[in-house]
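Q: What follows is work_16.txt, compact mmCIF, C-alpha atoms.
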# COMPACT_ATOMS: atom_id res chain seq x y z
CA MET A 1 -14.85 -32.97 2.87
CA ALA A 2 -17.60 -34.11 5.20
CA CYS A 3 -15.01 -35.79 7.43
CA ARG A 4 -12.93 -32.62 7.39
CA GLN A 5 -15.89 -30.48 8.40
CA LEU A 6 -16.68 -32.96 11.13
CA ILE A 7 -13.14 -32.64 12.43
CA VAL A 8 -13.49 -28.87 12.46
CA LEU A 9 -16.84 -29.07 14.21
CA VAL A 10 -15.47 -31.44 16.81
CA ALA A 11 -12.53 -29.16 17.37
CA LEU A 12 -14.75 -26.11 17.65
CA ALA A 13 -17.07 -27.91 20.03
CA ALA A 14 -14.15 -29.02 22.14
CA ALA A 15 -12.80 -25.51 22.19
CA ALA A 16 -16.18 -24.09 23.13
CA CYS A 17 -16.63 -26.60 25.97
CA SER A 18 -13.21 -25.94 27.39
CA ARG A 19 -13.33 -22.18 26.99
CA PRO A 20 -13.11 -20.26 30.21
CA ALA A 21 -15.47 -17.42 30.95
CA THR A 22 -12.73 -14.93 30.20
CA THR A 23 -10.07 -15.85 27.74
CA ALA A 24 -6.72 -15.70 29.44
CA ARG A 25 -4.82 -17.54 26.76
CA PRO A 26 -5.51 -18.67 23.23
CA THR A 27 -7.41 -21.89 22.81
CA PRO A 28 -6.65 -23.93 19.72
CA ASP A 29 -9.76 -23.50 17.61
CA THR A 30 -9.08 -25.78 14.73
CA VAL A 31 -7.13 -28.81 13.69
CA ALA A 32 -4.14 -27.26 11.98
CA THR A 33 -4.29 -29.59 9.03
CA SER A 34 -7.90 -28.66 8.36
CA LEU A 35 -7.18 -25.05 7.58
CA PRO A 36 -6.95 -23.96 3.95
CA ASP A 37 -3.59 -23.22 2.36
CA TRP A 38 -3.20 -19.44 2.46
CA SER A 39 0.58 -19.61 2.57
CA GLY A 40 2.77 -17.31 0.56
CA ILE A 41 2.55 -13.68 -0.41
CA TRP A 42 -0.63 -12.05 -1.66
CA VAL A 43 -0.70 -8.94 -3.84
CA PRO A 44 -3.89 -6.96 -4.43
CA ASP A 45 -5.41 -7.15 -7.90
CA ILE A 46 -5.34 -3.46 -8.87
CA GLY A 47 -7.53 -4.04 -11.91
CA ASP A 48 -10.14 -5.58 -9.64
CA GLN A 49 -9.93 -2.55 -7.35
CA ILE A 50 -10.57 -0.21 -10.26
CA GLY A 51 -13.38 -2.41 -11.56
CA GLN A 52 -15.08 -2.37 -8.17
CA MET A 53 -14.58 1.39 -7.90
CA LYS A 54 -16.29 1.96 -11.25
CA GLY A 55 -18.89 -0.79 -11.16
CA ASN A 56 -19.95 -0.99 -7.54
CA PRO A 57 -20.48 2.55 -6.30
CA VAL A 58 -20.35 3.34 -2.62
CA PRO A 59 -23.81 4.20 -1.19
CA TRP A 60 -22.60 7.50 0.19
CA THR A 61 -24.89 9.81 2.08
CA SER A 62 -25.53 13.02 0.18
CA ALA A 63 -22.91 14.91 2.17
CA ALA A 64 -20.30 12.18 1.73
CA ALA A 65 -21.11 11.94 -1.97
CA VAL A 66 -20.36 15.64 -2.41
CA GLU A 67 -16.95 15.19 -0.79
CA ALA A 68 -16.17 12.03 -2.80
CA GLN A 69 -17.13 13.81 -6.02
CA ARG A 70 -14.96 16.80 -5.15
CA LEU A 71 -11.97 14.54 -4.56
CA THR A 72 -12.69 12.53 -7.72
CA GLU A 73 -12.70 15.71 -9.79
CA ALA A 74 -9.51 16.93 -8.13
CA GLU A 75 -7.76 13.67 -8.94
CA ALA A 76 -9.03 13.74 -12.51
CA ALA A 77 -7.62 17.25 -12.83
CA GLY A 78 -4.21 16.06 -11.70
CA HIS A 79 -4.39 17.43 -8.17
CA PRO A 80 -5.00 14.32 -6.04
CA LYS A 81 -5.48 14.60 -2.32
CA GLY A 82 -2.96 12.38 -0.64
CA LEU A 83 -5.25 10.49 1.73
CA PHE A 84 -2.32 8.53 3.12
CA ALA A 85 0.46 11.03 2.49
CA ASN A 86 0.86 11.57 6.23
CA CYS A 87 2.06 7.96 6.55
CA LEU A 88 -0.61 7.02 9.08
CA PRO A 89 -1.89 3.51 8.32
CA GLU A 90 -4.31 3.05 5.46
CA ALA A 91 -6.20 1.24 8.22
CA MET A 92 -9.51 -0.57 7.98
CA PRO A 93 -11.21 -0.89 5.64
CA SER A 94 -8.92 0.91 3.18
CA TRP A 95 -6.03 -1.54 3.60
CA MET A 96 -8.28 -4.19 2.13
CA LEU A 97 -9.84 -1.82 -0.44
CA VAL A 98 -7.10 0.24 -2.08
CA SER A 99 -3.66 -0.96 -1.02
CA HIS A 100 -1.07 -1.62 -3.71
CA ASN A 101 1.14 -3.53 -1.33
CA ALA A 102 1.58 -7.19 -0.50
CA LEU A 103 0.39 -9.05 2.58
CA GLU A 104 0.86 -12.43 4.19
CA ILE A 105 -1.42 -14.35 6.54
CA LEU A 106 -0.29 -16.44 9.48
CA PHE A 107 -2.33 -19.08 11.31
CA THR A 108 -1.55 -19.78 14.95
CA PRO A 109 -3.78 -21.37 17.58
CA GLY A 110 -6.55 -18.94 18.40
CA ARG A 111 -5.50 -16.26 15.96
CA VAL A 112 -5.11 -15.27 12.34
CA THR A 113 -2.60 -12.51 11.70
CA MET A 114 -2.32 -10.37 8.60
CA LEU A 115 1.00 -8.69 7.99
CA GLY A 116 1.42 -6.05 5.32
CA GLU A 117 4.28 -4.37 3.58
CA SER A 118 3.76 -0.67 4.20
CA ASP A 119 2.75 1.88 6.82
CA GLY A 120 5.61 0.78 9.04
CA ASN A 121 4.47 -2.79 8.51
CA ARG A 122 0.74 -3.30 8.74
CA LEU A 123 -0.84 -5.69 11.18
CA ARG A 124 -4.29 -7.10 11.79
CA ARG A 125 -4.87 -9.47 14.71
CA ILE A 126 -8.02 -11.54 14.20
CA TYR A 127 -8.89 -13.55 17.30
CA THR A 128 -10.40 -16.95 16.51
CA ASP A 129 -10.35 -18.30 20.05
CA GLY A 130 -14.02 -17.61 20.66
CA ARG A 131 -13.69 -14.40 22.61
CA PRO A 132 -16.31 -11.68 22.09
CA HIS A 133 -15.57 -8.08 21.29
CA PRO A 134 -14.85 -6.01 24.39
CA PRO A 135 -17.85 -3.88 25.32
CA ASP A 136 -15.97 -0.63 24.71
CA PRO A 137 -12.87 -1.35 22.64
CA ASP A 138 -10.09 1.19 22.50
CA PRO A 139 -10.27 2.79 19.06
CA SER A 140 -7.49 1.71 16.75
CA PHE A 141 -6.55 1.91 13.11
CA HIS A 142 -7.45 -1.69 12.40
CA GLY A 143 -10.13 -2.11 15.02
CA HIS A 144 -10.93 -5.14 17.16
CA SER A 145 -11.43 -8.23 15.05
CA ILE A 146 -12.87 -11.60 15.99
CA GLY A 147 -13.22 -14.44 13.55
CA HIS A 148 -14.40 -17.96 13.07
CA TRP A 149 -14.15 -20.57 10.37
CA GLU A 150 -17.13 -21.69 8.32
CA GLY A 151 -15.57 -24.52 6.37
CA ASP A 152 -12.71 -22.94 4.43
CA THR A 153 -14.07 -19.42 4.86
CA LEU A 154 -12.77 -17.10 7.56
CA VAL A 155 -15.54 -14.84 8.80
CA VAL A 156 -14.19 -11.69 10.44
CA ASP A 157 -16.14 -9.15 12.44
CA THR A 158 -14.47 -5.81 13.11
CA ILE A 159 -15.49 -2.86 15.28
CA GLY A 160 -13.62 -0.19 17.21
CA VAL A 161 -12.00 1.54 14.26
CA PHE A 162 -11.00 5.18 14.57
CA PRO A 163 -13.72 7.43 13.07
CA GLN A 164 -10.97 9.20 11.15
CA THR A 165 -10.03 6.21 9.00
CA TYR A 166 -11.12 6.50 5.40
CA ILE A 167 -13.54 4.44 3.43
CA ALA A 168 -11.44 4.90 0.32
CA ILE A 169 -11.97 3.95 -3.28
CA SER A 170 -8.50 5.11 -4.34
CA GLU A 171 -5.43 6.66 -2.73
CA ALA A 172 -6.97 10.06 -3.49
CA VAL A 173 -10.72 9.55 -2.98
CA GLY A 174 -12.22 8.58 0.34
CA VAL A 175 -14.35 9.85 3.20
CA PRO A 176 -13.73 9.34 6.94
CA ASN A 177 -16.04 6.66 8.32
CA ASN A 178 -17.04 9.08 11.13
CA GLY A 179 -17.63 6.38 13.73
CA ASP A 180 -19.81 3.37 14.59
CA MET A 181 -18.41 1.44 11.64
CA HIS A 182 -18.91 -2.31 11.54
CA ILE A 183 -17.18 -4.51 8.99
CA VAL A 184 -17.92 -8.16 8.28
CA GLU A 185 -15.62 -10.03 5.94
CA ARG A 186 -15.83 -13.49 4.43
CA ILE A 187 -12.36 -14.44 3.23
CA HIS A 188 -11.78 -17.56 1.19
CA LEU A 189 -9.90 -18.97 -1.77
CA ALA A 190 -11.54 -18.41 -5.15
CA GLY A 191 -9.00 -20.46 -7.04
CA SER A 192 -5.71 -22.03 -6.07
CA ASP A 193 -3.90 -18.68 -6.11
CA VAL A 194 -6.75 -16.22 -5.66
CA LEU A 195 -7.95 -15.03 -2.27
CA LEU A 196 -11.30 -13.27 -2.21
CA ASP A 197 -12.36 -10.86 0.53
CA GLU A 198 -16.11 -10.23 0.59
CA LEU A 199 -16.67 -7.11 2.65
CA ALA A 200 -19.88 -5.77 4.13
CA ILE A 201 -19.18 -2.28 5.44
CA THR A 202 -21.73 -0.54 7.61
CA ALA A 203 -20.97 3.08 8.46
CA PRO A 204 -24.21 4.85 9.36
CA HIS A 205 -22.75 8.36 9.38
CA VAL A 206 -21.52 8.28 5.78
CA LEU A 207 -23.31 5.36 4.08
CA THR A 208 -27.04 5.05 3.45
CA LYS A 209 -26.86 1.26 3.62
CA THR A 210 -24.31 -1.51 4.04
CA TRP A 211 -21.82 -1.45 1.19
CA ASN A 212 -21.09 -4.93 -0.09
CA THR A 213 -17.93 -5.14 -2.13
CA THR A 214 -15.16 -7.61 -2.88
CA ARG A 215 -11.43 -7.51 -3.39
CA ARG A 216 -9.09 -10.07 -4.91
CA PHE A 217 -5.55 -10.87 -3.85
CA MET A 218 -3.22 -12.90 -6.04
CA ARG A 219 -0.69 -15.40 -4.65
CA GLN A 220 2.81 -14.62 -5.87
CA THR A 221 4.47 -17.55 -7.55
CA GLY A 222 7.44 -15.84 -9.22
CA ALA A 223 10.97 -15.28 -8.00
CA ASN A 224 11.67 -13.12 -4.96
CA PRO A 225 8.10 -12.88 -3.70
CA ASP A 226 9.04 -12.17 -0.10
CA ILE A 227 7.66 -9.17 1.72
CA LEU A 228 10.19 -6.46 2.41
CA GLU A 229 10.22 -4.22 5.42
CA GLY A 230 8.14 -1.21 4.45
CA VAL A 231 8.36 1.81 6.71
CA CYS A 232 6.37 4.64 5.20
CA LEU A 233 8.23 7.38 7.05
CA GLN A 234 11.56 6.10 5.78
CA GLY A 235 11.06 8.23 2.70
CA SER A 236 10.91 11.36 4.85
CA PHE A 237 14.49 10.90 5.95
CA ALA A 238 17.80 10.89 4.17
CA GLU A 239 20.64 8.55 5.13
CA GLN A 240 23.62 10.71 6.01
CA THR A 241 26.71 10.82 8.18
CA ASP A 242 26.90 13.45 10.90
CA ALA A 243 29.88 15.57 11.90
CA GLY A 244 30.94 12.92 14.41
CA GLY A 245 31.02 10.22 11.79
CA ASP A 246 27.85 8.48 12.93
CA ALA A 247 25.37 7.15 10.39
CA VAL A 248 22.12 9.03 10.98
CA PHE A 249 18.69 9.61 9.48
CA VAL A 250 18.11 13.29 8.75
CA PRO A 251 14.65 14.76 8.14
CA VAL A 252 14.21 16.33 4.77
CA PRO A 253 11.54 18.75 3.58
CA HIS A 254 8.52 17.47 1.72
CA THR A 255 5.18 18.69 0.48
CA ASP A 256 2.06 18.39 2.61
CA GLU A 257 0.51 16.22 -0.09
CA GLY A 258 3.43 13.83 -0.08
CA ASN A 259 4.03 14.40 -3.75
CA PRO A 260 7.49 14.61 -5.24
CA VAL A 261 8.83 18.09 -5.70
CA PRO A 262 10.34 18.39 -9.12
CA PRO A 263 13.69 20.07 -9.63
CA PRO A 264 13.66 23.73 -10.51
CA THR A 265 13.59 24.38 -14.20
CA PRO A 266 16.88 26.05 -15.18
CA MET B 1 29.30 22.65 -13.63
CA LYS B 2 28.90 24.14 -10.17
CA ARG B 3 25.41 25.24 -11.16
CA ILE B 4 24.48 21.73 -12.27
CA LEU B 5 25.78 20.24 -9.04
CA ALA B 6 23.85 22.84 -7.06
CA VAL B 7 20.67 21.93 -8.92
CA ILE B 8 21.22 18.23 -8.26
CA ALA B 9 21.88 18.89 -4.58
CA LEU B 10 18.71 20.96 -4.31
CA VAL B 11 16.72 18.26 -6.05
CA ALA B 12 18.08 15.62 -3.71
CA ALA B 13 17.20 17.71 -0.69
CA THR B 14 13.69 18.61 -1.76
CA VAL B 15 12.36 15.37 -3.12
CA ALA B 16 13.85 12.97 -0.65
CA GLY B 17 11.03 13.50 1.79
CA ALA B 18 8.17 13.39 -0.63
CA ARG B 19 7.74 9.67 -0.41
CA ALA B 20 4.43 9.08 1.28
CA HIS B 21 2.19 6.80 -0.67
CA HIS B 22 -0.16 8.71 -2.88
CA SER B 23 -2.11 8.74 -6.08
CA SER B 24 -0.09 9.03 -9.26
CA ALA B 25 -2.69 11.34 -10.81
CA MET B 26 -0.27 14.26 -10.81
CA TYR B 27 1.51 12.42 -13.64
CA ASP B 28 0.02 12.54 -17.12
CA GLN B 29 -0.37 8.87 -17.93
CA ASP B 30 -1.41 9.74 -21.49
CA LYS B 31 2.02 11.19 -22.26
CA THR B 32 5.45 9.66 -22.38
CA VAL B 33 8.83 11.30 -22.25
CA THR B 34 11.96 9.36 -23.13
CA MET B 35 15.26 10.63 -21.83
CA ARG B 36 18.88 9.52 -21.87
CA GLY B 37 21.30 10.47 -19.17
CA VAL B 38 23.18 9.39 -16.10
CA ILE B 39 21.84 8.28 -12.72
CA THR B 40 22.82 10.82 -10.04
CA GLN B 41 20.91 9.44 -7.05
CA VAL B 42 19.01 6.28 -6.12
CA ARG B 43 16.76 6.08 -3.06
CA TRP B 44 15.59 2.49 -2.51
CA THR B 45 13.07 3.52 0.05
CA SER B 46 9.49 2.92 1.12
CA PRO B 47 6.86 3.63 0.15
CA HIS B 48 8.18 4.68 -3.28
CA VAL B 49 11.58 4.19 -4.84
CA ASN B 50 12.91 7.30 -6.54
CA PHE B 51 15.95 8.11 -8.55
CA SER B 52 17.41 11.15 -10.26
CA VAL B 53 18.68 11.46 -13.80
CA LEU B 54 20.84 14.21 -15.31
CA THR B 55 19.91 14.18 -18.96
CA ASP B 56 22.41 14.44 -21.74
CA PRO B 57 22.84 18.07 -22.80
CA ALA B 58 20.90 19.03 -25.86
CA ARG B 59 22.55 21.19 -28.47
CA GLY B 60 23.49 24.49 -26.86
CA GLN B 61 21.93 23.57 -23.53
CA THR B 62 22.99 22.01 -20.27
CA GLY B 63 21.58 18.72 -19.06
CA MET B 64 18.37 18.70 -17.04
CA ALA B 65 17.91 17.15 -13.61
CA TRP B 66 14.81 14.94 -13.39
CA VAL B 67 13.44 13.11 -10.39
CA LEU B 68 11.60 9.93 -11.22
CA GLU B 69 9.37 7.88 -8.99
CA ALA B 70 8.43 4.22 -9.06
CA THR B 71 6.45 1.78 -6.95
CA SER B 72 7.58 0.29 -3.64
CA PRO B 73 10.80 -1.68 -3.12
CA GLY B 74 8.74 -4.84 -2.54
CA ASN B 75 6.73 -4.47 -5.71
CA LEU B 76 9.88 -3.72 -7.71
CA GLN B 77 11.65 -6.72 -6.22
CA ARG B 78 8.79 -8.96 -7.25
CA SER B 79 9.17 -7.67 -10.82
CA GLY B 80 12.88 -8.45 -10.93
CA TRP B 81 14.66 -5.46 -9.42
CA THR B 82 17.16 -5.39 -6.59
CA ARG B 83 18.29 -2.37 -4.64
CA THR B 84 21.42 -2.28 -6.80
CA SER B 85 19.72 -2.58 -10.17
CA LEU B 86 20.37 1.12 -10.68
CA LYS B 87 23.57 2.71 -9.45
CA VAL B 88 24.89 6.23 -9.45
CA GLY B 89 26.83 6.74 -12.65
CA ASP B 90 24.82 4.27 -14.74
CA ARG B 91 23.91 5.54 -18.17
CA VAL B 92 20.25 4.91 -18.83
CA SER B 93 17.37 5.48 -21.16
CA VAL B 94 14.15 6.04 -19.22
CA VAL B 95 10.53 6.25 -20.31
CA VAL B 96 8.34 8.26 -17.95
CA ALA B 97 4.86 9.68 -17.58
CA PRO B 98 5.71 13.33 -16.89
CA LEU B 99 4.24 15.64 -14.29
CA ARG B 100 1.22 17.45 -15.65
CA ASP B 101 2.62 20.86 -14.73
CA GLY B 102 5.63 20.46 -16.97
CA THR B 103 8.27 20.44 -14.28
CA HIS B 104 10.96 17.80 -14.31
CA GLY B 105 9.40 14.94 -12.46
CA GLY B 106 7.87 11.75 -13.73
CA TRP B 107 6.52 8.31 -12.99
CA CYS B 108 8.94 5.69 -14.24
CA ARG B 109 7.56 3.23 -16.76
CA GLY B 110 10.77 1.51 -17.80
CA VAL B 111 14.53 1.81 -17.65
CA THR B 112 17.14 0.48 -20.05
CA LEU B 113 20.73 0.26 -18.88
CA ILE B 114 22.59 1.47 -21.95
CA GLU B 115 25.83 -0.41 -21.31
CA SER B 116 24.27 -3.84 -20.81
CA GLY B 117 20.99 -3.41 -22.61
CA LYS B 118 19.18 -4.75 -19.56
CA LYS B 119 15.57 -3.60 -19.33
CA LEU B 120 13.73 -2.99 -16.07
CA GLU B 121 9.99 -2.44 -15.84
CA CYS B 122 8.90 0.08 -13.26
For the file at hand, write its structure as structure tokens.
A:
Amino acid sequence: MACRQLIVLVALAAAACSRPATTARPTPDTVATSLPDWSGIWVPDIGDQIGQMKGNPVPWTSAAAVEAQRLTEAEAAGHPKGLFANCLPEAMPSWMLVSHNALEILFTPGRVTMLGESDGNRLRRIYTDGRPHPPDPDPSFHGHSIGHWEGDTLVVDTIGVFPQTYIAISEAVGVPNNGDMHIVERIHLAGSDVLLDELAITAPHVLTKTWNTTRRFMRQTGANPDILEGVCLQGSFAEQTDAGGDAVFVPVPHTDEGNPVPPPTP
Amino acid sequence: MKRILAVIALVAATVAGARAHHSSAMYDQDKTVTMRGVITQVRWTSPHVNFSVLTDPARGQTGMAWVLEATSPGNLQRSGWTRTSLKVGDRVSVVVAPLRDGTHGGWCRGVTLIESGKKLEC
């Protein structure tokens, strides 16, 4: 282990010494064989999500707490708000917090990439080539992420997330982060087939303090684990044939909440 | 018969777009409804698979059209489904958590293909 850490340190030092003032191209940041095995498909542990939701409450501000409570009561009454019914990405940090869908993680020189199975195929680019955050990043759904390895732990720092993205504790309960959010994650294996994401979420407009929480992802070892293409808006279209005989997607009506409309009762 | 087909067509038109990922709290998870019938539509689509069932007619009544929802294609595939596990015309027995408001929608919990006996978990 010591030798492995030394190799990583040497590689990091070499990368740091050779790094240009502005990063024009990725610089290999690690010895490929030194990285942990995160191969395969990872599915969120829904029971863990629920346990965190119940046992590790979000330190909402008073105003945010009122909104979260209102949504919690609405969901309990069977009238959930569809936070993601518009098919915009679950985004950060909710992708990590409440998704029910699988993800995979790719290592390439200078970058770690997370690919997910929904929202028109989710994507996080985590730059590990030593670059800093830009001084004024363009807001995006997943923000600007830079990372580095501390042993077998990937430390990810994310800023630049749209203020509109939710800090969600379920698909029906969440509050927009309202800007200036900063997320630090420590991602590492917690068993041969368990990936643990330790999140520290700072959102000064809706949280009274940094919210520390964790989420578990389980490596799929059964048959047919592969990720499928998952385009959220696909469900808003029907596959039909037009008058000219061409195969076409045709918009179909749907509720604002994204909930199924039951058939009329005869 | 025309009326039944009209109902099925309306169901297909109205629910096909309601697929965005959402909480399942509109379904009463404390209740179960078991129905037998025939598959009239299958939509193997993200973010939720859905399919329609025309239930067997009860005594003196026509069959009922139900629209049932399940998890994503990827999650179903990882639990043993394929996009052709259910086909139009299949006779099935389905266990669902029904919509709280009593209308004919539900969250699929399990399907049994009557002809083969094959069981699929939703």
Q: Which is closer to chain A than all the others in B:His104, B:Lys118, B:Lys87, B:Arg43, using only C-alpha atoms?
A: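 Of the candidates, the smallest distance to chain A is held by B:His104.
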Q: Pick the closest to Gln220 of chain A from A:Asp193, A:Glu67, A:Glu185, A:Trp95: which is it, counting only C-alpha atoms?
A: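 Of the candidates, the smallest distance to Gln220 of chain A is held by A:Asp193.
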Q: Axis-aligned box over every listed atom of segment 113-126 of chain A, padded by 8 Å per side: centre and edges in Å to one decimal, as AutoDock Vina command-line options?
A:
--center_x -1.2 --center_y -5.3 --center_z 9.1 --size_x 29.6 --size_y 30.4 --size_z 27.1
Q: For atom CA of Val96 of chain B and atom CA of Thr34 of chain B, quote the distance in Å rounded to one decimal.
A: 6.4 Å
Q: Could you jot down the atom CA of Arg70 of chain A to atom CA of Val173 of chain A separation for me, Å, one decimal place?
A: 8.7 Å
Q: Can you tell me which residues surround Asp45 of chain A at a distance of at most 8 Å, considering only C-alpha atoms, apart from same-chain residues fewer than 2 positions away, and format the answer as a list in words?
A: Val43, Gly47, Asp48, Gln49, Arg215, Arg216, Phe217 and Met218 of chain A
Q: With distances taken over all atoms listed in the file, which residue among B:Trp44, B:Asn50, B:Gly74, B:Gln61 lies nearest chain A?
A: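 For chain A, the nearest of the candidates is B:Gly74.
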Q: If you measure from atom CA of His22 of chain B to atom CA of Arg78 of chain B, what distance in Å do you get, rounded to one decimal?
A: 20.3 Å
Q: Using only C-alpha atoms, which residue out of B:Gly63, B:Val49, B:Thr40, B:Tyr27 lies closest to Thr103 of chain B?
A: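 When distances to Thr103 of chain B are compared using only C-alpha atoms, the smallest one comes from B:Tyr27.
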Q: Excluding Asp180 of chain A and residues on its chain fewer than 3 positions from it, collect all residues at most 8 Å away from it, counting all atoms listed in the file, and give them as a ChimeraX atom specification.
A: /A:159-160,163,203-205
Q: Using only C-alpha atoms, determine which residues lie at most 7 Å from His48 of chain B, disregarding the query and same-chain residues fewer than 6 positions distant; provide the list as a list of chain:residue names.
A: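 Returned residues: B:Arg19, B:His21, B:Glu69, B:Ala70, B:Thr71, B:Ser72, B:Pro73.
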